[in-house]
file protein25.pdb (PDB, C-alpha atoms, pLDDT in the B column)
ATOM      1  CA  MET A   1    -105.185 249.576 -73.616  1.00 88.00           C
ATOM      2  CA  ARG A   2    -104.912 251.961 -70.675  1.00 85.00           C
ATOM      3  CA  LEU A   3    -101.204 252.508 -71.213  1.00 86.00           C
ATOM      4  CA  ARG A   4    -101.724 252.932 -74.933  1.00 90.00           C
ATOM      5  CA  THR A   5    -104.440 255.539 -74.502  1.00 90.00           C
ATOM      6  CA  LEU A   6    -102.540 257.332 -71.718  1.00 89.00           C
ATOM      7  CA  ARG A   7     -99.599 257.641 -74.100  1.00 91.00           C
ATOM      8  CA  ARG A   8    -101.978 258.872 -76.828  1.00 93.00           C
ATOM      9  CA  CYS A   9    -100.918 256.034 -79.062  1.00 95.00           C
ATOM     10  CA  SER A  10    -103.390 254.646 -81.567  1.00 96.00           C
ATOM     11  CA  GLN A  11    -103.836 250.938 -82.173  1.00 96.00           C
ATOM     12  CA  GLN A  12    -102.367 251.520 -85.631  1.00 97.00           C
ATOM     13  CA  ASP A  13     -99.272 253.251 -84.218  1.00 96.00           C
ATOM     14  CA  LEU A  14     -98.684 250.465 -81.706  1.00 96.00           C
ATOM     15  CA  ALA A  15     -99.252 247.808 -84.348  1.00 97.00           C
ATOM     16  CA  LYS A  16     -96.682 249.422 -86.615  1.00 97.00           C
ATOM     17  CA  ALA A  17     -94.116 249.656 -83.813  1.00 96.00           C
ATOM     18  CA  VAL A  18     -94.582 246.019 -82.804  1.00 96.00           C
ATOM     19  CA  GLY A  19     -94.914 244.637 -86.331  1.00 97.00           C
ATOM     20  CA  VAL A  20     -98.453 243.275 -86.115  1.00 97.00           C
ATOM     21  CA  SER A  21    -101.815 244.324 -87.534  1.00 97.00           C
ATOM     22  CA  ARG A  22    -104.164 246.828 -85.906  1.00 97.00           C
ATOM     23  CA  GLN A  23    -106.679 243.975 -85.628  1.00 97.00           C
ATOM     24  CA  THR A  24    -104.154 241.987 -83.583  1.00 96.00           C
ATOM     25  CA  ILE A  25    -103.816 244.892 -81.136  1.00 95.00           C
ATOM     26  CA  SER A  26    -107.608 245.049 -80.905  1.00 95.00           C
ATOM     27  CA  ASN A  27    -107.785 241.306 -80.269  1.00 95.00           C
ATOM     28  CA  TRP A  28    -105.237 241.606 -77.438  1.00 91.00           C
ATOM     29  CA  GLU A  29    -107.127 244.460 -75.847  1.00 90.00           C
ATOM     30  CA  ASN A  30    -110.424 242.606 -76.039  1.00 90.00           C
ATOM     31  CA  GLY A  31    -109.008 239.335 -74.702  1.00 88.00           C
ATOM     32  CA  ARG A  32    -109.557 237.407 -77.928  1.00 92.00           C
ATOM     33  CA  GLU A  33    -105.830 236.656 -78.335  1.00 91.00           C
ATOM     34  CA  GLU A  34    -102.767 236.638 -76.127  1.00 89.00           C
ATOM     35  CA  PRO A  35     -99.618 238.329 -77.379  1.00 88.00           C
ATOM     36  CA  LYS A  36     -96.975 235.958 -78.678  1.00 90.00           C
ATOM     37  CA  LEU A  37     -94.099 238.339 -79.219  1.00 91.00           C
ATOM     38  CA  LYS A  38     -90.440 238.003 -80.017  1.00 94.00           C
ATOM     39  CA  LEU A  39     -87.922 239.806 -77.833  1.00 92.00           C
ATOM     40  CA  TRP A  40     -87.543 242.721 -80.261  1.00 94.00           C
ATOM     41  CA  GLN A  41     -91.333 243.140 -80.238  1.00 94.00           C
ATOM     42  CA  TYR A  42     -91.439 243.266 -76.424  1.00 89.00           C
ATOM     43  CA  LYS A  43     -88.721 245.909 -76.523  1.00 91.00           C
ATOM     44  CA  ALA A  44     -90.672 247.921 -79.099  1.00 93.00           C
ATOM     45  CA  LEU A  45     -93.855 247.551 -77.029  1.00 91.00           C
ATOM     46  CA  CYS A  46     -92.109 248.817 -73.895  1.00 90.00           C
ATOM     47  CA  LYS A  47     -90.458 251.700 -75.733  1.00 92.00           C
ATOM     48  CA  THR A  48     -93.693 252.764 -77.439  1.00 93.00           C
ATOM     49  CA  LEU A  49     -95.667 252.635 -74.176  1.00 90.00           C
ATOM     50  CA  GLY A  50     -92.932 254.342 -72.148  1.00 90.00           C
ATOM     51  CA  VAL A  51     -92.391 251.310 -69.930  1.00 87.00           C
ATOM     52  CA  ASN A  52     -88.949 250.641 -68.433  1.00 86.00           C
ATOM     53  CA  SER A  53     -89.306 246.857 -68.258  1.00 76.00           C
ATOM     54  CA  ILE A  54     -91.763 244.133 -69.178  1.00 71.00           C
ATOM     55  CA  ASP A  55     -92.434 243.752 -65.436  1.00 77.00           C
ATOM     56  CA  GLU A  56     -94.468 246.967 -65.669  1.00 74.00           C
ATOM     57  CA  LEU A  57     -96.778 245.428 -68.285  1.00 71.00           C
ATOM     58  CA  PRO A  58     -99.929 243.668 -67.067  1.00 68.00           C
ATOM     59  CA  ASP A  59     -99.811 239.882 -66.733  1.00 67.00           C
ATOM     60  CA  ASN A  60    -103.133 239.668 -68.544  1.00 63.00           C
ATOM     61  CA  PHE A  61    -103.760 241.766 -71.645  1.00 56.00           C
ATOM     62  CA  ALA A  62    -107.524 241.213 -71.526  1.00 52.00           C
ATOM     63  CA  PRO A  63    -109.772 244.090 -70.416  1.00 55.00           C
ATOM     64  CA  GLN A  64    -108.923 244.984 -66.829  1.00 53.00           C
ATOM     65  CA  PRO A  65    -111.452 246.064 -64.209  1.00 54.00           C
ATOM     66  CA  ILE A  66    -110.897 249.530 -62.851  1.00 51.00           C
ATOM     67  CA  ASN A  67    -109.306 249.184 -59.430  1.00 53.00           C
ATOM     68  CA  ASP A  68    -110.485 252.106 -57.364  1.00 47.00           C
ATOM     69  CA  SER A  69    -109.037 250.887 -54.043  1.00 46.00           C
ATOM     70  CA  GLN A  70    -106.314 253.549 -54.064  1.00 44.00           C
ATOM     71  CA  ASN A  71    -108.925 256.291 -54.262  1.00 43.00           C
ATOM     72  CA  GLN A  72    -110.980 254.664 -51.504  1.00 45.00           C
ATOM     73  CA  ASN A  73    -107.934 254.437 -49.220  1.00 47.00           C
ATOM     74  CA  GLN A  74    -107.280 258.156 -49.612  1.00 46.00           C
ATOM     75  CA  ASN A  75    -110.789 259.152 -48.457  1.00 46.00           C
TER      76      ASN A  75
END
call {"tool": "encode", "arguments": {"input": "protein25.pdb", "output": "C-alpha cells"}}
result
Amino acid sequence: MRLRTLRRCSQQDLAKAVGVSRQTISNWENGREEPKLKLWQYKALCKTLGVNSIDELPDNFAPQPINDSQNQNQN
C-alpha cells in the first residue's frame, strides 16, 4: 500500500494493471488474502509501482508497521 500511495496509484489503477479486482487489491493490503500472481502480473505490478525487481517488494503484503529506526539513528 505504501508503494502504491507513494506512486499516486489508486487501487483501481493497480487492479487494472495486474488484471484483478479492486477488492482483491484491498484484500492484499489488509492481509485478508495473499497475492497469487502469474509472472506477467508480477511484471505489471513492478512496472506500475516503479520497482526494478520483485526483490524490492515486501515479503508480506499485509499491513506493515512503520519502522522509524532510521529516523531514530539520525538523531
call {"tool": "closest_residue", "arguments": {"input": "protein25.pdb", "among": "A:Leu57, A:Val20, A:Cys9, A:Leu49", "to": "A:Leu37", "atoms": "only C-alpha atoms"}}
result
A:Val20
call {"tool": "closest_residue", "arguments": {"input": "protein25.pdb", "among": "A:Leu45, A:Asp55, A:Asn30, A:Lys38", "to": "A:Lys16", "atoms": "only C-alpha atoms"}}
result
A:Leu45
call {"tool": "atom_distance", "arguments": {"input": "protein25.pdb", "atom1": "atom CA of A:Ser10", "atom2": "atom CA of A:Ile25"}}
result
9.8 Å
call {"tool": "closest_residue", "arguments": {"input": "protein25.pdb", "among": "A:Arg4, A:Arg32, A:Gly19, A:Ser26", "to": "A:Thr48", "atoms": "all atoms listed in the file"}}
result
A:Arg4
call {"tool": "resolve_selection", "arguments": {"input": "protein25.pdb", "expression": "the PyMOL selection byres ((chain A and resi 34) around 10)", "output": "ChimeraX atom specification"}}
result
/A:24-25,27-33,35-37,60-62
call {"tool": "atom_distance", "arguments": {"input": "protein25.pdb", "atom1": "atom CA of A:Leu39", "atom2": "atom CA of A:Arg2"}}
result
22.1 Å
call {"tool": "closest_residue", "arguments": {"input": "protein25.pdb", "among": "A:Tyr42, A:Leu3, A:Arg8, A:Arg22", "to": "A:Ile54", "atoms": "all atoms listed in the file"}}
result
A:Tyr42
call {"tool": "atom_distance", "arguments": {"input": "protein25.pdb", "atom1": "atom CA of A:Val18", "atom2": "atom CA of A:Gln41"}}
result
5.0 Å
